[in-house]
Amino acid sequence: MISINKCLISITILIFAVLQIFDSKAIAQTPEFTVSGFIRDKASGEALPGASVLLFKDSLNLSKPPVRGATSNQHGYYGIPKLQKQTYFLVARSLGYKSYTAIFTIKDDLYNIRFDIELQAEDIKLQEIIVKADKETGNGISSITVSPEILNQLPSLSGEVDLFRSLQLLPGVTINNELSSGLYIRGGTPDQNLTLVDGVIVYNPSHLGNFASTFNSDALQNVKLIKGAFPAEYGGRLGSVLDVKLRNGSKEKNKLIFGAGLINSHLTLEGPLTGNSTYMFSGRKMYYDALQQIIDKDGTTPRYNFYDMNSKLTFYAGGNTIISLSTLMSSDNIYSPTKSPVNYDIQWKNATVSLCWSQILSQSRFSNASLSYINYKFKSILNDTSSSSLSSDYYSVSELQDFVAKEDLQFFISENNIGKLGFDFSLHKYQLNYNDVYSYLIEYSSGSEREVINYEIAAFLQSEWQITPLIKLNSGGRFYYFNDRKFFEFEPRLNASINLDENVSIKGGFAVANQFLHLIIKNDISLPTDLWYPSKAEIEPAHSKQYVFGVESYFAEREYLFSVEGYYKQMKNLYEFKDNGIYSSTSPLTSLFTKGEGEAYGVEFFLNKMAGNVSGWAGYTLSWTRRKFDDLNMGKVFFPKFDRRHDISVILTYKIFDNLSLGITWIYASGQGFTLPIGQYRADPIGLNPQSTIQYDYMLRNQYKLPDYHKLDLNITYKFNWGRALIETYLNIYNVYNRKNAFAYIASEDKIKEEGNSFSIPKFHSISLFPFIPSVGFNIKL
């Protein structure tokens, strides 16, 4: 143990030493002839990630290939090293902005050129559809960049910009049911998705049914989704990455966005504090339960409300340093109506605080460091007061607290090779409480409380190498140490792309990942029952290997994009609750868990029309997700609830006039699995005063398929100016043809007497959450 700790300390010191060497201007000499800087919005001063910078020799002839180029990172920083002494013509471009051109000359006495670029926004003809061209954004395998502008034209339940509901319209992304929160991406569960907001982990980034994310979309600057085989700079999760960057706030003037509708309202404020600082605040409140109390007072539909708040203060310390303080808070509550046959109360809350500072260390090195605190709490109460043998109680509370310190460094290995180096330290504190019966006294009892404290250390090294103009390689690895199991492992990452010509490319990727936190869900309860449990001596970290291969092609003068992508993911050390596990306060909670393995594979087809008054996309996914546990389903392979064989999405946006637009979405998915009883028997116990009971015999796990899920949503938006204000009015129709998509099934029994004998017949009643819901509202932008 002593040698392991010494090794750990040595590795930590070595990593910090390497970071400091790179951070020191005096030790590491700056490469000659480098041009670098920030790319920002001219009006607001916001950084522009994914902007391209191209350098041409002699003249600005765009028909010839550029001699060099670069893409800005998520902080808007770009750099082009090792240039020759001569005159260059520079072109900077970003989607939704006018092209910027400039001329500069490198001389003997001018080794480094600081060249900040400000781009002016312009209206474009719906070419900001959700997938951007890889040549402009540098997207890798399974990577999608989301433009917030297109989200405004899609239908939503609440009538506002809706990121998560838009993501689930993409191939390979789905939800379990209308009640579930979180995205199921390529056969993975929501806990296997790494969600970062300004670099800070958010454990549950969505509201109920994913019709809204926990961050107000008015505050979004950039969103990137990586569905698989993610690079070495990301870690701690098995499956996918959602990397979200919030806006800093406008440097130009104070701005206000306010919207109100039948079921929710939202507010965003931003502007300058001083000449060198800005602020941004955004908040929302949903009061769907208040509307339900008016129009459906005696109904059995679950009651639901939420709120969320985001804020950010940004300070520009000179030309090289940016310091920001960000906060996020959200709270969701779904509870049973008065006449529900089962009482339930489910809540989850997020809270994060982060201090981040970004700095240009030299013309060829960029650093980003942060300190953050994360708190997430999920409480689930299910109190079945019926006397049915099918009834069951459930109570769990998971509270997670993290303290995280991290630093990333970007530098140039060569003129066509960008290196990234980083270090993370995370201290975790988990508090758990679980019981299979419920009483309000349990909530205030500390007897079953379990507290776990551990830490993990991670370091990564990554190379983004443009080998030739047609071949690009992203390679690297991530080192992990997890103290509770003395676990040390290396995770290799690799993905490559080859452009066969200017319109056709092939891509492939491979990744190994580990995860030290498990989301364990009760399979026999349809309501959310999230129990987060950390790896310990008896709970192994989850492990995955991913393989991805795809082809994409542009055609019709790059107005259309068609892509096909296949994937295979192998997972082990997955945990679920045992069937019929018996809880005991004297036994560890882990005695109720069982360990298994899984795999997921499939193929995704995607057709995207990216320009014109009528735009949109269609996606189809054919996929399989399998699980195998020795203690479940008699040891046989089964399909989990969220396995969907077929998934189809069709999205259309139509710009009728400049100020009037129409958005339509239609989705279809195969029905989820469900475990039904197929027989019953009488159990006669032995002993004094025995009481016989009726027990049920169940089919194989999730063998029965529920009806297919499908629905149509519609949005009409009309914009007009009123004085200095831009007014946006909308009509949303959610679930146009009122499809009764079941999110849960409640069990009950009918008592029947025949020839003096009484017996029970089980009945299952489906509950749908969101019926046909029209909503109207408005947004005001000042």
# chains A, B, ... in the order shown; residues from 1 in each chain; ligands from 1
call {"tool": "select_by_dssp", "arguments": {"residues": "segment 197-411 of chain A", "states": "helix (DSSP H, G or I)", "output": "list in words"}}
result
Leu208, Gly209, Asn210, Ser217, Asp218, Ala219, Tyr288, Asp289, Ala290, Leu291, Gln292, Gln293, Ile294 and Ile295 of chain A
call {"tool": "closest_atom_pairs", "arguments": {"of": "segment 58-121 of chain A", "to": "segment 338-360 of chain A", "cutoff": "12 Å", "atoms": "only C-alpha atoms", "output": "tab-separated table"}}
result
residue	atom	partner	partner_atom	distance
A:Asn73	CA	A:Ser358	CA	11.8
A:Gln74	CA	A:Ser358	CA	11.0
A:His75	CA	A:Ser358	CA	8.1
A:Gly76	CA	A:Ser358	CA	10.8
A:Tyr77	CA	A:Ile360	CA	8.6
A:Tyr78	CA	A:Ile360	CA	10.3
A:Gly79	CA	A:Ile360	CA	10.4
A:Arg114	CA	A:Ile360	CA	10.4
call {"tool": "residues_around", "arguments": {"residues": "Ile453 of chain A", "least_positions_apart": "4", "cutoff": "9 Å", "atoms": "only C-alpha atoms", "output": "PyMOL selection string"}}
result
chain A and resi 427-431+484
call {"tool": "write_last_selection", "arguments": {"atoms": "C-alpha atoms", "output": "tab-separated table (two decimals), in the first residue's frame"}}
result
chain	number	residue	atom	x	y	z
A	427	LEU	CA	-12.92	14.17	-4.46
A	428	HIS	CA	-16.28	12.39	-4.15
A	429	LYS	CA	-18.66	12.16	-1.22
A	430	TYR	CA	-21.74	9.95	-1.53
A	431	GLN	CA	-24.63	9.64	0.92
A	484	ASP	CA	-11.10	2.86	-3.26
call {"tool": "select_by_dssp", "arguments": {"residues": "segment 559-677 of chain A", "states": "strand (DSSP E or B)", "output": "number ranges by chain"}}
result
A: 560-577, 593-609, 614-629, 638, 646-657, 660-669, 673-674, 677
call {"tool": "atom_distance", "arguments": {"atom1": "atom CA of Arg493 of chain A", "atom2": "atom CA of Glu604 of chain A"}}
result
22.0 Å
call {"tool": "closest_residue", "arguments": {"among": "A:Asn204, A:Ser463, A:Asn264, A:Ser277", "to": "Ser330 of chain A", "atoms": "only C-alpha atoms"}}
result
A:Asn204
